[in-house]
Structures are given as C-alpha cells and as structure tokens.
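Following: one structure in structure tokens, then a few remarks.
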Amino acid sequence: MAAHPPSPAPSPAKAPPRDHLDWPFYDDGHRALAAEIDAFIAEGGLGAIDHHDADAACQALVKRLGAAGFLRHCVPQAYGGMSPDIDSRSLCILRETLGHEDGLADFAFAMQGLGTGAISLSGGEELKQQILPKVAKGELISAFALTEPDAGSDVAAMSCAARRDGDAYVLDDEKIFISNGGIADVYTVFARTGEAPGTRGISAFVVFADTPGFVIAERIETIAPHPLARIRFESCRIPASQLLGAPGEGFKIAMRTLDIFRPSVAAAALGFARRALAEALAHAGARSMFGATLADLPTAQSTLGEMATSIDAAALLVARTAWRRDVQKLPATKEAAMAKLTATENAQWVIDQAVQMFGGRGVQVGNIAERLYREIRALRIYEGATEVQKLIIGRELVKMSRQESS
C-alpha cells in the first residue's frame, strides 16, 4: 500500500460553534466571554505551544492567560476574580474553547482553578489573600494532590499521614499522578489526620513547593504530555494555619471542589469533540472518493450526524449542571457526574470516528485527530473515572429514592 504524504502540523482552529450559547442556560455575559476568548486565540494570544516541552509551555500559558485576565474566572471576586462565587458556566465556556484549540492550553487554565478551589472554599483569610490574587494573575501555579499509589478512586485507602506537632503538622508518605507536579508553586494536599476511620479522617493542607521535606520524587510521562509527578513528603512540617477547614473535613472539601470543576472537565471534552467533528467535516468535504467526496457518501453522513448528536447531548448535560449550580444554587453532584460521564465517553467515540474517517492519516503523528485521540483518553480517568461517575449517579439516585419514601 502506498504511504500517504506527511501530514502538516496542526493549524490553529476556527472558533468553535456558539449556537449552544443561545440556550437559556447562558446569558449575555457568557456570550461576551466567548467572543473575548475567541478573539484572544485568533490574535495569537496563546503563543506557540511546544508539546515537546510541556513544562515550559504550561508556564508560558499560565502567564499569558493571567495577563489577559482569563484566570480571574478561577477565583472569587474578593481575591481578584470575576464574580462573587466561581461561575461554573464561565469555566465551562473557557475550557471548551481552550480544549478546542489545544489540550495543553485547557490544562494550564483548569489547574489554576482546581489547584486552589479548596483554598477558595475553606482557606483562612490570610492564605486566600496570599495565594488567590497571584493565581488569578498567573504569578503562581497551583496543583491538587489527592491521588496515591494505592488510593485513586478509593480515597478512603489514603495512607499519606499528617500528625499534629505543636503549632504544625508533619506530613509523610507520597502522592502520585499529580498534575503540575514539578512546576507548581503551591499544592493543595490531602492527608490522613485520624479523626475517624475512612474518609472522615482526612484533612486538607496548603503546601508550598519550597517547604523543606517536600520532594519531587519522579516525573511521569503520559501519552498526551503535560506536567505530572510523583511527590513525596519527608517529615515535611506545615504550619497549622495552612490547614483548610477543620481537621477531618478534607474529603468533604475535596468533593466540593470536584463538584465545581467536574462539569468543566466535561466542557473540555466537548471542546475536543467539536474540534474532531470540524476536522472530520473539512476532511470529508475535500477527500475524493468513488467519483465524489467522502462527505457525499451516506455512510459518512450517517457517522457525522451521530457525532454531532452525541456532542449536543453532552453539551446539554454540561449546561444543565453548571446552570443548576450557578443560578439555582443547588447541589449538583449527580448532575456533574452525568455530565462528565457522558461528555468524556461521547468525546472518545467522536474522536475515534474522526480518526477512522481520516484513514491512514488519522494515526499519523502530527495529524490533529491523532493528537486529540491521545488527549481525550485521560479525561475518562482524572477527577473521577467513568466507573466512579456511574457509582456516584447510582448512589445519589438511591439516596433520593429513600428520602422520598421516608
């Protein structure tokens, strides 16, 4: 079989479609934000993104996004943010747009919010003033350290311990798969403090990267490069003032943080899926086949139609979840799980169909479909794997059923 000619490097994308922003879940402020981030990207605001040096790329992206004001959406208004409370719909619009353009751009933005979400929710005033304004300006890079070698989906299996010692806590053990590990300035760390068994004995702390006893033990490479590390605590002494919330509230704080940012993971997946559909449409319209184009074939049209429908189905769940939290001020644990489950699984399928439509080019390094295929895979795992989302949904349904029958 003759080889295809080399694929060109992925070019900047056209702005993603915005018709879904006319849905009643969004307002004029959200539409203005979409236009703003579209213009920023079109004008080259993200700069050149080198996927071969993810550390430097993410550090540069944080600075650019901070200087442009977009990181202000990651913190509350009182600390340099854009709204009194973090607005989930704004996070979703930004992540969908950045994900549509480049996975590393989405990652750099998202971690500023996830890494400091617990500080926004439960930090003392001095900590908030010290950290959040700098995060909003892109002057500090943040990380969220929950996962351990034997405690991923099963948070209750956490072994990293923090023992009280006078006016401080001393941390020991390690965390793994920590995004921004190695480049972050500040980490939100969850450790067992022993107030009760299981998840009720976990607390949350702020740890600065220059703290004695904090060690980057290993850098981890993944199929879609981004800063990732195994971190270790060796008698790492943390002032008690850097405890978030009360002792034993760490699991609750972690889940509240994930409830805020989980819908935005779904939005990032939407961005990936929309880019895959756009690239597939462009390719199908240009690819000569059987005396016509690939786009003229009923099989291709059927696939494109199913791709578009699966994207809109996920987009509705994302919008519903963010609107429920922002406007109705209601818990959205079940809704967030539904959104993440559907958007990430659907995006994986959409991107796989795009790869198939590109044929041999779709698996060639440098093709946008190939890059998206690698980038989407982690989203089905991090911030709660697909299987965990199903359990959350089922648990919430059982809980609601019992409440209604009591």
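By convention here, the chains of the structure tokens are called A, B, ... in the order presented, each chain's residues are numbered starting at 1, and ligands are numbered starting at 1 in the order presented.
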Selection near Ala162 in chain A, 8 Å with only C-alpha atoms, sequence-local residues under 2 positions removed, as an MDAnalysis selection string:
chainID A and resid 160 164 169:172 191:193
Distance query Ala110 in chain A at most 12 Å, only C-alpha atoms, self and fewer than 2 positions along chain excluded, as a PyMOL selection string
chain A and resi 58+61-62+65+70-75+88+90-99+103-108+112-117+135-136+141-144+179-180+258+260-268+383
Could you check which of A:Asp259, A:Ala385, A:Gly194, A:Thr344 is closest to Leu330 in chain A, using only C-alpha atoms?
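For Leu330 in chain A, the nearest of the candidates is A:Asp259.
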Check the DSSP output for the backbone and give back, as a PyMOL selection string, the residues of range 34-196 of chain A in strand (DSSP E).
chain A and resi 142-145+161-165+168-179+186-192
Using N, CA, C and O atoms, can you export the residues from the last selection as a CSV table (one decimal), in the first residue's frame?
```
chain,number,residue,atom,x,y,z
A,142,SER,N,-0.6,26.4,40.5
A,142,SER,CA,-1.2,25.6,41.6
A,142,SER,C,-1.3,24.1,41.2
A,142,SER,O,-1.3,23.8,40.0
A,143,ALA,N,-1.5,23.3,42.2
A,143,ALA,CA,-1.7,21.8,42.0
A,143,ALA,C,-2.6,21.3,43.0
A,143,ALA,O,-2.8,21.8,44.1
A,144,PHE,N,-3.2,20.1,42.7
A,144,PHE,CA,-4.2,19.4,43.6
A,144,PHE,C,-3.7,18.0,43.8
A,144,PHE,O,-3.6,17.2,42.9
A,145,ALA,N,-3.3,17.7,45.0
A,145,ALA,CA,-2.6,16.5,45.3
A,145,ALA,C,-3.5,15.6,46.2
A,145,ALA,O,-3.5,15.6,47.4
A,161,ALA,N,0.1,10.6,55.7
A,161,ALA,CA,-0.4,11.0,57.0
A,161,ALA,C,0.2,12.3,57.4
A,161,ALA,O,1.3,12.7,57.0
A,162,ALA,N,-0.6,13.1,58.2
A,162,ALA,CA,-0.2,14.3,58.8
A,162,ALA,C,-0.4,14.2,60.3
A,162,ALA,O,-1.6,14.1,60.7
A,163,ARG,N,0.6,14.3,61.1
A,163,ARG,CA,0.5,14.2,62.5
A,163,ARG,C,0.7,15.6,63.1
A,163,ARG,O,1.6,16.4,62.7
A,164,ARG,N,-0.1,15.9,64.1
A,164,ARG,CA,0.0,17.2,64.8
A,164,ARG,C,1.2,17.2,65.7
A,164,ARG,O,1.5,16.3,66.4
A,165,ASP,N,2.0,18.3,65.6
A,165,ASP,CA,3.2,18.5,66.4
A,165,ASP,C,3.2,20.0,66.8
A,165,ASP,O,3.8,20.8,66.1
A,168,ALA,N,2.1,22.9,64.3
A,168,ALA,CA,2.3,22.5,63.0
A,168,ALA,C,1.8,21.0,62.8
A,168,ALA,O,1.4,20.3,63.7
A,169,TYR,N,1.8,20.6,61.5
A,169,TYR,CA,1.5,19.3,61.1
A,169,TYR,C,2.7,18.8,60.4
A,169,TYR,O,3.4,19.5,59.6
A,170,VAL,N,3.1,17.5,60.6
A,170,VAL,CA,4.2,16.9,59.9
A,170,VAL,C,3.7,15.8,58.9
A,170,VAL,O,3.1,14.9,59.3
A,171,LEU,N,4.0,16.1,57.6
A,171,LEU,CA,3.5,15.2,56.6
A,171,LEU,C,4.5,14.2,56.2
A,171,LEU,O,5.7,14.5,56.1
A,172,ASP,N,4.1,12.9,55.9
A,172,ASP,CA,5.0,11.8,55.4
A,172,ASP,C,4.2,11.0,54.4
A,172,ASP,O,3.0,11.1,54.3
A,173,ASP,N,5.0,10.3,53.6
A,173,ASP,CA,4.4,9.4,52.5
A,173,ASP,C,4.4,10.2,51.2
A,173,ASP,O,5.1,11.2,51.1
A,174,GLU,N,3.6,9.7,50.2
A,174,GLU,CA,3.7,10.3,48.9
A,174,GLU,C,2.4,10.3,48.2
A,174,GLU,O,1.4,9.7,48.6
A,175,LYS,N,2.4,11.1,47.1
A,175,LYS,CA,1.2,11.2,46.2
A,175,LYS,C,1.8,10.9,44.8
A,175,LYS,O,2.9,11.1,44.5
A,176,ILE,N,0.8,10.5,43.9
A,176,ILE,CA,1.3,10.2,42.5
A,176,ILE,C,0.3,10.7,41.5
A,176,ILE,O,-0.9,11.1,41.9
A,177,PHE,N,0.7,10.9,40.3
A,177,PHE,CA,-0.1,11.4,39.2
A,177,PHE,C,-0.6,12.8,39.5
A,177,PHE,O,-1.7,13.2,39.3
A,178,ILE,N,0.3,13.6,40.0
A,178,ILE,CA,-0.1,15.0,40.4
A,178,ILE,C,0.2,16.0,39.3
A,178,ILE,O,1.3,16.2,38.9
A,179,SER,N,-0.9,16.5,38.7
A,179,SER,CA,-0.8,17.4,37.6
A,179,SER,C,-0.2,18.7,38.1
A,179,SER,O,-0.5,19.2,39.2
A,186,VAL,N,2.4,26.1,44.6
A,186,VAL,CA,1.6,25.8,45.7
A,186,VAL,C,0.7,24.6,45.5
A,186,VAL,O,0.1,24.4,44.4
A,187,TYR,N,0.6,23.7,46.4
A,187,TYR,CA,-0.1,22.4,46.3
A,187,TYR,C,-1.2,22.4,47.4
A,187,TYR,O,-1.0,22.7,48.6
A,188,THR,N,-2.4,21.9,47.0
A,188,THR,CA,-3.4,21.6,47.9
A,188,THR,C,-3.3,20.1,48.2
A,188,THR,O,-3.5,19.3,47.2
A,189,VAL,N,-3.0,19.7,49.4
A,189,VAL,CA,-2.6,18.3,49.7
A,189,VAL,C,-3.6,17.7,50.7
A,189,VAL,O,-4.0,18.4,51.7
A,190,PHE,N,-4.0,16.5,50.5
A,190,PHE,CA,-4.9,15.8,51.3
A,190,PHE,C,-4.2,14.7,52.1
A,190,PHE,O,-3.5,13.9,51.4
A,191,ALA,N,-4.3,14.6,53.4
A,191,ALA,CA,-3.6,13.6,54.2
A,191,ALA,C,-4.4,13.1,55.3
A,191,ALA,O,-5.3,13.9,55.8
A,192,ARG,N,-4.1,12.0,55.8
A,192,ARG,CA,-4.9,11.3,56.9
A,192,ARG,C,-4.4,11.9,58.2
A,192,ARG,O,-3.3,11.9,58.5
```
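The shortest atom-to-atom distance to Gly81 in chain A, with only C-alpha atoms taken into account, belongs to A:Lys134 out of A:His52, A:Lys63, A:Lys134, A:His30.
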Considering only C-alpha atoms, state which residue in the set A:Ile41, A:Leu132, A:Ala378, A:Ile49 is at the smallest distance from Pro76 in chain A.
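Residue with the minimum atom-to-atom distance to Pro76 in chain A: A:Leu132.
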What's the separation between CA of Thr386 in chain A and CA of Ala157 in chain A, in Å to one decimal place?
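If I compute the distance from CA of Thr386 in chain A to CA of Ala157 in chain A, I get 19.2 Å.
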